[in-house]
>>> print(open('query.cif').read())   # mmCIF, C-alpha atoms and all ligand atoms
data_entry
#
loop_
_atom_site.label_atom_id
_atom_site.label_comp_id
_atom_site.auth_asym_id
_atom_site.auth_seq_id
_atom_site.Cartn_x
_atom_site.Cartn_y
_atom_site.Cartn_z
CA MET A 1 0.00 0.00 0.00
CA ALA A 2 1.23 3.49 -0.89
CA ARG A 3 2.27 5.74 1.96
CA ALA A 4 -0.27 8.17 3.37
CA ARG A 5 -0.32 11.48 1.58
CA THR A 6 -1.57 14.99 2.34
CA ASP A 7 -3.29 17.17 -0.27
CA LEU A 8 -4.39 20.66 0.79
CA HIS A 9 -5.63 22.06 -2.52
CA CYS A 10 -8.38 20.67 -4.77
CA HIS A 11 -11.71 21.55 -6.36
CA SER A 12 -15.18 20.05 -6.77
CA THR A 13 -18.37 20.95 -8.64
CA ALA A 14 -19.00 23.50 -5.86
CA SER A 15 -16.67 25.67 -7.98
CA ASP A 16 -14.87 24.70 -11.21
CA GLY A 17 -14.01 21.04 -10.53
CA GLU A 18 -15.51 18.14 -12.46
CA LEU A 19 -16.47 15.80 -9.59
CA PRO A 20 -18.98 16.32 -6.78
CA PRO A 21 -17.38 16.83 -3.33
CA ALA A 22 -18.10 13.26 -2.14
CA GLU A 23 -16.49 11.82 -5.29
CA VAL A 24 -13.40 13.99 -4.82
CA VAL A 25 -13.04 12.56 -1.32
CA ALA A 26 -13.63 8.98 -2.52
CA MET A 27 -10.98 9.42 -5.21
CA ALA A 28 -8.58 10.94 -2.69
CA ALA A 29 -9.09 7.94 -0.38
CA ALA A 30 -8.38 5.62 -3.33
CA GLU A 31 -5.15 7.58 -3.95
CA SER A 32 -4.04 6.98 -0.33
CA VAL A 33 -4.62 10.58 0.69
CA SER A 34 -5.10 10.55 4.46
CA THR A 35 -5.44 14.33 4.99
CA LEU A 36 -7.45 16.36 2.49
CA SER A 37 -8.65 19.93 2.19
CA LEU A 38 -11.25 20.88 -0.41
CA THR A 39 -10.50 24.44 -1.48
CA ASP A 40 -13.22 25.51 -3.89
CA HIS A 41 -13.09 29.02 -5.32
CA ASP A 42 -14.91 31.61 -3.17
CA THR A 43 -17.42 29.19 -1.66
CA PHE A 44 -17.89 26.85 1.30
CA GLY A 45 -20.69 25.15 -0.67
CA GLY A 46 -18.99 21.74 -0.96
CA GLN A 47 -17.59 21.54 2.56
CA ALA A 48 -20.41 19.72 4.37
CA GLU A 49 -20.70 16.99 1.73
CA ALA A 50 -16.92 16.54 1.63
CA ALA A 51 -16.62 16.40 5.43
CA ASP A 52 -19.34 13.70 5.59
CA ALA A 53 -17.66 11.67 2.88
CA ALA A 54 -14.27 12.06 4.57
CA ALA A 55 -15.71 10.68 7.82
CA ARG A 56 -17.03 7.63 5.91
CA HIS A 57 -13.69 7.03 4.18
CA GLY A 58 -11.52 7.59 7.26
CA VAL A 59 -9.87 10.62 5.65
CA ARG A 60 -8.95 13.59 7.84
CA PHE A 61 -10.76 16.62 6.41
CA VAL A 62 -9.55 20.20 6.76
CA HIS A 63 -12.08 22.90 5.91
CA GLY A 64 -10.68 25.15 3.20
CA ILE A 65 -11.27 27.75 0.55
CA GLU A 66 -9.44 29.46 -2.32
CA LEU A 67 -10.24 33.16 -2.44
CA SER A 68 -9.98 35.31 -5.56
CA VAL A 69 -8.13 38.45 -4.60
CA LYS A 70 -7.53 41.74 -6.42
CA ALA A 71 -3.97 41.16 -7.62
CA PRO A 72 -1.32 43.88 -7.72
CA SER A 73 -0.06 42.10 -10.85
CA GLY A 74 -0.88 38.84 -12.62
CA SER A 75 -3.54 37.01 -10.63
CA MET A 76 -3.70 36.19 -6.93
CA HIS A 77 -5.44 33.42 -5.04
CA LEU A 78 -5.36 33.08 -1.27
CA LEU A 79 -6.05 29.74 0.41
CA GLY A 80 -7.62 29.61 3.85
CA TYR A 81 -7.71 26.62 6.23
CA PHE A 82 -10.14 26.47 9.15
CA PRO A 83 -10.71 24.29 12.21
CA GLY A 84 -14.48 24.32 11.65
CA ALA A 85 -17.21 24.75 9.01
CA GLU A 86 -18.81 28.10 8.09
CA PRO A 87 -16.14 30.42 9.52
CA GLN A 88 -17.36 33.95 10.20
CA PRO A 89 -17.13 36.75 9.13
CA LEU A 90 -15.74 35.15 5.97
CA ALA A 91 -18.84 33.06 5.11
CA ASP A 92 -21.06 36.17 5.19
CA ALA A 93 -18.49 38.22 3.27
CA LEU A 94 -18.51 35.56 0.53
CA ASP A 95 -22.31 35.71 0.27
CA GLU A 96 -22.02 39.46 -0.20
CA MET A 97 -19.28 39.07 -2.81
CA LYS A 98 -21.34 36.46 -4.62
CA ARG A 99 -24.16 39.00 -4.92
CA ARG A 100 -21.72 41.63 -6.16
CA ARG A 101 -20.21 39.19 -8.67
CA ALA A 102 -23.66 38.36 -10.00
CA ASP A 103 -24.25 42.10 -10.37
CA ARG A 104 -20.98 42.36 -12.25
CA ALA A 105 -22.00 39.60 -14.65
CA ARG A 106 -25.36 41.35 -15.14
CA ILE A 107 -23.62 44.64 -15.92
CA MET A 108 -21.36 42.86 -18.44
CA VAL A 109 -24.43 41.41 -20.17
CA GLY A 110 -25.94 44.92 -20.26
CA LYS A 111 -22.79 46.29 -21.88
CA LEU A 112 -22.80 43.44 -24.39
CA ASN A 113 -26.43 44.20 -25.22
CA ASP A 114 -25.46 47.86 -25.78
CA LEU A 115 -22.79 46.60 -28.17
CA GLY A 116 -25.43 44.72 -30.15
CA VAL A 117 -24.76 41.25 -28.70
CA ALA A 118 -28.15 39.74 -27.84
CA LEU A 119 -26.99 37.62 -24.88
CA ARG A 120 -29.51 37.04 -22.09
CA TYR A 121 -28.47 36.96 -18.42
CA GLU A 122 -30.59 33.81 -17.92
CA ASP A 123 -28.35 31.99 -20.42
CA VAL A 124 -25.27 32.98 -18.40
CA GLU A 125 -26.83 31.98 -15.06
CA ALA A 126 -27.82 28.59 -16.47
CA LEU A 127 -24.12 27.76 -17.00
CA ALA A 128 -23.10 28.41 -13.38
CA ASP A 129 -23.48 25.84 -10.60
CA GLY A 130 -22.22 28.31 -8.03
CA PRO A 131 -21.26 31.98 -8.22
CA VAL A 132 -21.87 33.62 -11.61
CA GLY A 133 -18.72 35.21 -12.99
CA ARG A 134 -16.91 36.41 -16.08
CA PRO A 135 -15.98 32.84 -17.20
CA HIS A 136 -19.69 32.03 -17.42
CA VAL A 137 -20.33 35.12 -19.54
CA ALA A 138 -17.53 33.91 -21.84
CA GLU A 139 -19.03 30.41 -22.01
CA ALA A 140 -22.48 31.83 -22.78
CA LEU A 141 -21.02 33.94 -25.59
CA VAL A 142 -19.48 30.79 -27.09
CA ALA A 143 -22.66 28.74 -26.59
CA GLY A 144 -24.74 31.48 -28.22
CA GLY A 145 -22.45 31.57 -31.26
CA PHE A 146 -21.49 35.23 -30.63
CA VAL A 147 -17.77 34.39 -30.54
CA ALA A 148 -15.57 31.58 -31.86
CA ASP A 149 -14.25 30.43 -28.47
CA ARG A 150 -13.48 31.61 -24.92
CA GLN A 151 -10.29 33.35 -26.00
CA ASP A 152 -12.24 35.25 -28.66
CA ALA A 153 -14.80 36.25 -25.98
CA PHE A 154 -12.05 37.75 -23.83
CA ASP A 155 -10.17 39.31 -26.76
CA ARG A 156 -13.23 41.00 -28.20
CA TYR A 157 -15.35 41.82 -25.15
CA LEU A 158 -14.38 40.68 -21.67
CA ALA A 159 -10.67 41.25 -21.02
CA ASP A 160 -9.96 44.13 -18.63
CA ASP A 161 -9.33 46.63 -21.43
CA ARG A 162 -12.21 45.49 -23.65
CA PRO A 163 -15.61 47.22 -24.03
CA ALA A 164 -17.75 44.86 -21.90
CA ALA A 165 -15.28 44.61 -18.99
CA VAL A 166 -16.51 45.60 -15.52
CA PRO A 167 -13.94 46.34 -12.80
CA HIS A 168 -13.50 43.61 -10.18
CA ALA A 169 -14.83 44.51 -6.72
CA GLY A 170 -13.04 41.95 -4.58
CA LEU A 171 -10.88 41.94 -1.45
CA THR A 172 -7.42 43.46 -1.55
CA PRO A 173 -4.57 41.08 -0.62
CA VAL A 174 -4.26 42.47 2.93
CA GLU A 175 -8.06 42.49 3.42
CA ALA A 176 -8.22 38.86 2.33
CA VAL A 177 -5.44 37.79 4.71
CA GLU A 178 -7.02 39.71 7.59
CA THR A 179 -10.50 38.30 6.91
CA VAL A 180 -9.19 34.72 6.97
CA VAL A 181 -7.36 35.40 10.24
CA GLU A 182 -10.40 37.12 11.80
CA SER A 183 -12.44 34.08 10.81
CA GLY A 184 -10.12 31.82 12.77
CA GLY A 185 -8.25 30.52 9.74
CA ALA A 186 -4.74 30.13 8.39
CA PRO A 187 -4.11 32.14 5.19
CA VAL A 188 -1.74 30.67 2.60
CA LEU A 189 -0.55 32.29 -0.64
CA ALA A 190 -1.45 29.98 -3.55
CA HIS A 191 0.79 29.38 -6.61
CA PRO A 192 3.09 32.41 -6.16
CA ASN A 193 4.09 32.24 -9.84
CA SER A 194 0.64 33.49 -10.87
CA LEU A 195 1.54 36.91 -9.43
CA ALA A 196 4.09 37.22 -12.25
CA MET A 197 6.38 39.30 -10.01
CA PRO A 198 10.17 39.47 -10.18
CA ALA A 199 11.83 37.92 -7.10
CA GLY A 200 12.48 41.25 -5.34
CA ALA A 201 8.90 42.49 -5.70
CA LEU A 202 7.52 39.10 -4.65
CA GLY A 203 9.73 39.18 -1.55
CA ARG A 204 8.43 42.61 -0.52
CA PHE A 205 4.84 41.59 -1.26
CA VAL A 206 5.10 38.40 0.83
CA SER A 207 6.75 40.39 3.61
CA ASP A 208 3.76 42.77 3.71
CA LEU A 209 1.30 39.86 3.72
CA ALA A 210 3.26 38.15 6.51
CA SER A 211 2.89 41.33 8.59
CA ALA A 212 -0.87 41.15 7.95
CA GLY A 213 -1.04 37.54 9.20
CA LEU A 214 -0.10 35.27 6.28
CA VAL A 215 1.09 31.93 7.71
CA GLY A 216 1.96 29.88 4.63
CA ILE A 217 2.95 29.85 0.98
CA GLU A 218 2.54 27.09 -1.61
CA VAL A 219 5.85 25.38 -2.31
CA PHE A 220 4.73 21.80 -3.05
CA ARG A 221 2.84 21.80 -6.35
CA PRO A 222 3.25 19.30 -9.19
CA GLU A 223 4.13 21.94 -11.80
CA HIS A 224 6.80 23.65 -9.67
CA THR A 225 10.36 23.31 -10.94
CA ASP A 226 13.26 22.67 -8.58
CA ALA A 227 14.08 26.38 -8.94
CA ASP A 228 10.50 27.32 -7.88
CA ARG A 229 10.73 25.01 -4.86
CA SER A 230 14.01 26.41 -3.68
CA ALA A 231 12.97 30.05 -4.27
CA PHE A 232 9.65 29.64 -2.42
CA THR A 233 11.20 27.56 0.36
CA SER A 234 13.69 30.32 1.10
CA LEU A 235 10.90 32.90 0.92
CA ALA A 236 8.95 30.81 3.46
CA ASP A 237 12.00 30.49 5.70
CA ARG A 238 12.77 34.21 5.52
CA HIS A 239 9.26 35.18 6.66
CA GLY A 240 8.55 32.33 9.06
CA LEU A 241 5.90 30.81 6.78
CA VAL A 242 4.80 27.19 6.49
CA ALA A 243 5.76 25.63 3.14
CA SER A 244 2.38 24.25 2.02
CA GLY A 245 0.90 22.90 -1.19
CA GLY A 246 -1.39 20.49 -2.95
CA SER A 247 -2.39 19.00 -6.28
CA ASP A 248 -4.84 21.76 -7.31
CA PHE A 249 -6.89 18.89 -8.71
CA HIS A 250 -9.83 19.94 -10.91
CA ARG A 251 -10.49 16.81 -13.00
CA PRO A 252 -9.02 13.31 -13.42
CA SER A 253 -7.91 14.04 -16.99
CA ASP A 254 -5.59 16.86 -15.80
CA SER A 255 -4.06 15.75 -12.51
CA ARG A 256 -4.21 13.27 -9.65
CA LEU A 257 -5.32 13.88 -6.09
CA GLY A 258 -2.39 13.51 -3.71
CA ASP A 259 0.18 14.40 -6.40
CA THR A 260 1.98 17.38 -4.90
CA GLY A 261 5.19 16.83 -6.87
CA ALA A 262 8.48 15.45 -5.60
CA PRO A 263 9.35 15.57 -2.77
CA PRO A 264 5.72 15.38 -1.57
CA LEU A 265 3.98 17.75 0.84
CA PRO A 266 5.06 16.78 4.39
CA ASP A 267 2.31 15.07 6.40
CA ASP A 268 2.54 17.47 9.35
CA THR A 269 1.65 20.48 7.15
CA ALA A 270 -2.05 20.66 8.11
CA ASP A 271 -1.15 20.56 11.81
CA ARG A 272 1.48 23.25 11.38
CA LEU A 273 -0.98 25.50 9.54
CA LEU A 274 -3.90 24.94 11.92
CA ALA A 275 -1.63 25.55 14.92
CA ARG A 276 -1.35 29.12 13.64
CA ALA A 277 -4.99 29.57 12.57
CA GLY A 278 -6.63 32.75 13.79
CA ALA A 279 -3.39 34.21 15.09
CA ALA A 280 -2.38 37.50 13.47
MN MN B 301 -9.92 26.54 -10.58
MN MN B 302 -5.73 29.10 -7.95
MN MN B 303 -7.02 25.96 -7.11
#
>>> encode(input="query.cif", output="structure tokens")
Amino acid sequence: MARARTDLHCHSTASDGELPPAEVVAMAAAESVSTLSLTDHDTFGGQAEAADAAARHGVRFVHGIELSVKAPSGSMHLLGYFPGAEPQPLADALDEMKRRRADRARIMVGKLNDLGVALRYEDVEALADGPVGRPHVAEALVAGGFVADRQDAFDRYLADDRPAAVPHAGLTPVEAVETVVESGGAPVLAHPNSLAMPAGALGRFVSDLASAGLVGIEVFRPEHTDADRSAFTSLADRHGLVASGGSDFHRPSDSRLGDTGAPPLPDDTADRLLARAGAA
């Protein structure tokens, strides 16, 4: 039997994953994952189902989330890990953001209509299981035959500098870190490469987040090179952060649960993160 593994980053149908939460957990158990966190984008919607399934499969479940944050450059996601379900004030803040995001999608559809694109908001909403966002507007544009593909939708209408774009009204990086901490959680910077920052700028940015309460940074991810691992490990060491990670599993055709690259994510990572949850 394969050794026990820890995976602290994956997705279900509660956000943009392909499998329902219970199936993600069942697959994780089959992959010898003994500690799992489900970290759907901007929702706790899958947590209860996953926690139930984890109890049935004898998998330790850590409540988690992956927050979309207003990035200073590139894109930024912040993971949060919690000792219990429905952490407040974050759960309420997400409900509010979900309403705002739906408004944003509505405004985009209005702009598209002004541009002569006869897309209906109902057709966008029908494509979203959870929060309605810009990707769903893009999908609806493709489905309606208004554009050739998703890229075309962004290039012609939806990218930040295009005519149907609506500014993002999300949390700033420091607000996101502070909200996770206030909610009793442990904030962790996801995939630092997505920030597209040179090393010096990334170092200053992580230093500011650490002052705000950041407790971890993703080091163990399957796509990280040895150079990524060593750069992010030293960044973690410099700022007293836990080197965390996960598979970022979305669907079986793309990746495997429990695959956090080599060497794998250490099994004491969840304990080390939760030991610092809620402490700014
Ligand atoms: Mn995703
Ligand atoms: Mn992400
Ligand atoms: Mn993810």
>>> closest_atom_pairs(input="query.cif", of="chain A", to="ligand MN 302 (chain B)", cutoff="12 Å", atoms="all atoms listed in the file", output="Markdown table")
| residue | atom | partner | partner_atom | distance |
| --- | --- | --- | --- | --- |
| A:His9 | CA | B:MN302 | MN | 8.9 |
| A:Cys10 | CA | B:MN302 | MN | 9.4 |
| A:His11 | CA | B:MN302 | MN | 9.8 |
| A:Ser15 | CA | B:MN302 | MN | 11.5 |
| A:Asp16 | CA | B:MN302 | MN | 10.7 |
| A:Gly17 | CA | B:MN302 | MN | 11.8 |
| A:Thr39 | CA | B:MN302 | MN | 9.3 |
| A:Asp40 | CA | B:MN302 | MN | 9.2 |
| A:His41 | CA | B:MN302 | MN | 7.8 |
| A:Asp42 | CA | B:MN302 | MN | 10.6 |
| A:Ile65 | CA | B:MN302 | MN | 10.2 |
| A:Glu66 | CA | B:MN302 | MN | 6.8 |
| A:Leu67 | CA | B:MN302 | MN | 8.2 |
| A:Ser68 | CA | B:MN302 | MN | 7.9 |
| A:Val69 | CA | B:MN302 | MN | 10.2 |
| A:Gly74 | CA | B:MN302 | MN | 11.8 |
| A:Ser75 | CA | B:MN302 | MN | 8.6 |
| A:Met76 | CA | B:MN302 | MN | 7.4 |
| A:His77 | CA | B:MN302 | MN | 5.2 |
| A:Leu78 | CA | B:MN302 | MN | 7.8 |
| A:Leu79 | CA | B:MN302 | MN | 8.4 |
| A:Gly80 | CA | B:MN302 | MN | 12.0 |
| A:Val188 | CA | B:MN302 | MN | 11.4 |
| A:Leu189 | CA | B:MN302 | MN | 9.5 |
| A:Ala190 | CA | B:MN302 | MN | 6.2 |
| A:His191 | CA | B:MN302 | MN | 6.7 |
| A:Pro192 | CA | B:MN302 | MN | 9.6 |
| A:Asn193 | CA | B:MN302 | MN | 10.5 |
| A:Ser194 | CA | B:MN302 | MN | 8.3 |
| A:Leu195 | CA | B:MN302 | MN | 10.8 |
| A:Glu218 | CA | B:MN302 | MN | 10.6 |
| A:Arg221 | CA | B:MN302 | MN | 11.4 |
| A:Gly245 | CA | B:MN302 | MN | 11.3 |
| A:Gly246 | CA | B:MN302 | MN | 10.9 |
| A:Ser247 | CA | B:MN302 | MN | 10.8 |
| A:Asp248 | CA | B:MN302 | MN | 7.4 |
| A:Phe249 | CA | B:MN302 | MN | 10.3 |
| A:His250 | CA | B:MN302 | MN | 10.5 |
>>> closest_residue(input="query.cif", among="A:Leu38, A:Ala26, A:Val124, A:Leu241", to="ligand MN 303 (chain B)", atoms="only C-alpha atoms and all ligand atoms")
A:Leu38
>>> closest_residue(input="query.cif", among="A:Gly185, A:Gly261, A:His239, A:Arg251", to="ligand MN 303 (chain B)", atoms="only C-alpha atoms and all ligand atoms")
A:Arg251
>>> atom_distance(input="query.cif", atom1="atom CA of Thr260 of chain A", atom2="atom CA of Asp7 of chain A")
7.0 Å
>>> closest_residue(input="query.cif", among="A:Pro20, A:Gly170, A:Gly258, A:Pro263", to="Met97 of chain A", atoms="all atoms listed in the file")
A:Gly170
>>> build_atoms(input="query.cif", residues="segment 24-49 of chain A", atoms="N, CA and C atoms", output="compact mmCIF listing (two decimals), in the coordinates of the input")
# COMPACT_ATOMS: atom_id res chain seq x y z
N VAL A 24 -14.78 13.53 -4.99
CA VAL A 24 -13.40 13.99 -4.82
C VAL A 24 -12.78 13.27 -3.62
N VAL A 25 -13.54 13.21 -2.54
CA VAL A 25 -13.04 12.56 -1.32
C VAL A 25 -12.82 11.07 -1.56
N ALA A 26 -13.77 10.41 -2.25
CA ALA A 26 -13.63 8.98 -2.52
C ALA A 26 -12.38 8.72 -3.36
N MET A 27 -12.16 9.58 -4.35
CA MET A 27 -10.98 9.42 -5.21
C MET A 27 -9.70 9.67 -4.41
N ALA A 28 -9.74 10.66 -3.53
CA ALA A 28 -8.58 10.94 -2.69
C ALA A 28 -8.26 9.72 -1.82
N ALA A 29 -9.29 9.12 -1.22
CA ALA A 29 -9.09 7.94 -0.38
C ALA A 29 -8.45 6.82 -1.21
N ALA A 30 -8.93 6.66 -2.44
CA ALA A 30 -8.38 5.62 -3.33
C ALA A 30 -6.93 5.91 -3.70
N GLU A 31 -6.54 7.18 -3.64
CA GLU A 31 -5.15 7.58 -3.95
C GLU A 31 -4.29 7.64 -2.69
N SER A 32 -4.78 7.03 -1.60
CA SER A 32 -4.04 6.98 -0.33
C SER A 32 -3.81 8.34 0.30
N VAL A 33 -4.71 9.29 0.02
CA VAL A 33 -4.62 10.58 0.69
C VAL A 33 -5.28 10.43 2.06
N SER A 34 -4.55 10.73 3.12
CA SER A 34 -5.10 10.55 4.46
C SER A 34 -5.53 11.88 5.08
N THR A 35 -5.00 13.00 4.56
CA THR A 35 -5.44 14.33 4.99
C THR A 35 -5.75 15.14 3.75
N LEU A 36 -7.00 15.65 3.69
CA LEU A 36 -7.45 16.36 2.49
C LEU A 36 -8.13 17.66 2.86
N SER A 37 -7.84 18.71 2.09
CA SER A 37 -8.65 19.93 2.19
C SER A 37 -9.25 20.20 0.83
N LEU A 38 -10.56 20.46 0.81
CA LEU A 38 -11.25 20.88 -0.41
C LEU A 38 -11.26 22.41 -0.41
N THR A 39 -10.69 22.99 -1.46
CA THR A 39 -10.50 24.44 -1.48
C THR A 39 -11.17 25.05 -2.71
N ASP A 40 -12.50 24.95 -2.75
CA ASP A 40 -13.22 25.51 -3.89
C ASP A 40 -13.10 27.03 -3.92
N HIS A 41 -13.24 27.58 -5.13
CA HIS A 41 -13.09 29.02 -5.32
C HIS A 41 -14.26 29.79 -4.70
N ASP A 42 -13.97 30.62 -3.71
CA ASP A 42 -14.91 31.61 -3.17
C ASP A 42 -16.22 31.02 -2.65
N THR A 43 -16.20 29.76 -2.22
CA THR A 43 -17.42 29.19 -1.66
C THR A 43 -17.11 28.07 -0.66
N PHE A 44 -17.95 27.98 0.37
CA PHE A 44 -17.89 26.85 1.30
C PHE A 44 -18.96 25.82 0.93
N GLY A 45 -19.57 25.99 -0.25
CA GLY A 45 -20.69 25.15 -0.67
C GLY A 45 -20.44 23.64 -0.64
N GLY A 46 -19.24 23.18 -0.92
CA GLY A 46 -18.99 21.74 -0.96
C GLY A 46 -18.50 21.14 0.34
N GLN A 47 -18.28 22.00 1.35
CA GLN A 47 -17.59 21.54 2.56
C GLN A 47 -18.34 20.48 3.36
N ALA A 48 -19.65 20.66 3.53
CA ALA A 48 -20.41 19.72 4.37
C ALA A 48 -20.42 18.33 3.73
N GLU A 49 -20.68 18.27 2.43
CA GLU A 49 -20.70 16.99 1.73
C GLU A 49 -19.33 16.31 1.79
